[in-house]
Amino acid sequence: MMERRIGRRYDLSFPVKIHPPGSSVPGLQSGCTRDISARGVYFTVNEDLAVGAKVNFIVTVSAEMADKAKVSVRARGRVVRIDKARDYDHESTRVAVVIEWYDIFRGEPAHI
């Protein structure tokens, strides 16, 4: 299989909140990043997303890594790959998203 990634990936685990654009479902799906690059993110969620789906998401960087102030990345992207994983008695979905737009800010986001 040919490697298609261009940028360097960083193995970082941060909380992520995912919301499909235009969804009428209240609330956000939560997950955790597995790795991040400037062009994409790979995260684990408990519910399925579809390849090709547009998603909005927020990754929150821990305060310890951001000079004691919470930093978040608000982004939009497209799902490019879905992997199913089973750890012990728990099945999860791992999702690769190509980032199409992002914004970095301090504090809590007003919205996605």
# chains A, B, ... in the order shown; residues from 1 in each chain; ligands from 1
call {"tool": "select_by_dssp", "arguments": {"residues": "stretch 5-66 of chain A", "states": "strand (DSSP E or B)", "output": "ChimeraX atom specification"}}
result
/A:10,15-19,29-36,40-45,54-61
call {"tool": "write_last_selection", "arguments": {"atoms": "C-alpha atoms", "output": "compact mmCIF listing (two decimals), in the first residue's frame"}}
result
# COMPACT_ATOMS: atom_id res chain seq x y z
CA TYR A 10 1.95 13.54 15.95
CA PRO A 15 -10.66 15.06 23.62
CA VAL A 16 -12.62 15.77 20.44
CA LYS A 17 -16.27 16.71 19.94
CA ILE A 18 -17.79 15.92 16.54
CA HIS A 19 -20.92 17.36 14.96
CA GLN A 29 -20.52 13.00 19.66
CA SER A 30 -17.36 12.70 21.76
CA GLY A 31 -14.13 10.93 21.00
CA CYS A 32 -10.39 11.05 21.41
CA THR A 33 -7.65 11.86 18.91
CA ARG A 34 -5.04 9.20 18.16
CA ASP A 35 -2.84 11.32 15.91
CA ILE A 36 -2.90 14.76 14.32
CA GLY A 40 -5.72 15.65 9.05
CA VAL A 41 -6.77 13.98 12.25
CA TYR A 42 -7.38 10.36 13.24
CA PHE A 43 -9.75 9.86 16.16
CA THR A 44 -11.75 7.19 17.94
CA VAL A 45 -15.52 7.47 18.42
CA LYS A 54 -18.60 16.37 6.25
CA VAL A 55 -17.89 16.91 9.95
CA ASN A 56 -17.26 19.83 12.25
CA PHE A 57 -15.11 19.12 15.28
CA ILE A 58 -13.30 20.72 18.19
CA VAL A 59 -10.05 19.35 19.62
CA THR A 60 -9.19 20.69 23.07
CA VAL A 61 -5.50 20.82 23.97
call {"tool": "atom_distance", "arguments": {"atom1": "atom CA of A:Ala53", "atom2": "atom CA of A:Leu28"}}
result
15.5 Å
call {"tool": "closest_residue", "arguments": {"among": "A:Pro21, A:Val51, A:Asp89, A:Ala38", "to": "A:Arg9", "atoms": "only C-alpha atoms"}}
result
A:Ala38
call {"tool": "closest_atom_pairs", "arguments": {"of": "stretch 7-92 of chain A", "to": "stretch 98-101 of chain A", "cutoff": "7 Å", "atoms": "only C-alpha atoms", "output": "Markdown table"}}
result
| residue | atom | partner | partner_atom | distance |
| --- | --- | --- | --- | --- |
| A:Arg39 | CA | A:Ile99 | CA | 5.2 |
| A:Gly40 | CA | A:Val98 | CA | 4.4 |
| A:Val41 | CA | A:Val98 | CA | 6.7 |
| A:Ala75 | CA | A:Trp101 | CA | 5.5 |
| A:Arg76 | CA | A:Trp101 | CA | 5.2 |
| A:Gly77 | CA | A:Ile99 | CA | 4.3 |
| A:Arg78 | CA | A:Val98 | CA | 5.5 |
| A:Val79 | CA | A:Val98 | CA | 6.5 |
| A:Val80 | CA | A:Val98 | CA | 6.7 |
call {"tool": "write_last_selection", "arguments": {"atoms": "C-alpha atoms", "output": "compact mmCIF listing (two decimals), in the first residue's frame"}}
result
# COMPACT_ATOMS: atom_id res chain seq x y z
CA ARG A 39 -3.83 18.33 7.17
CA GLY A 40 -5.72 15.65 9.05
CA VAL A 41 -6.77 13.98 12.25
CA ALA A 75 -12.21 22.60 12.34
CA ARG A 76 -14.22 21.35 9.38
CA GLY A 77 -13.28 18.30 7.38
CA ARG A 78 -14.31 15.26 5.40
CA VAL A 79 -14.19 11.62 6.50
CA VAL A 80 -11.78 9.70 4.24
call {"tool": "atom_distance", "arguments": {"atom1": "atom CA of A:Arg106", "atom2": "atom CA of A:Asp11"}}
result
21.9 Å
call {"tool": "atom_distance", "arguments": {"atom1": "atom CA of A:Lys84", "atom2": "atom CA of A:Ala50"}}
result
12.3 Å
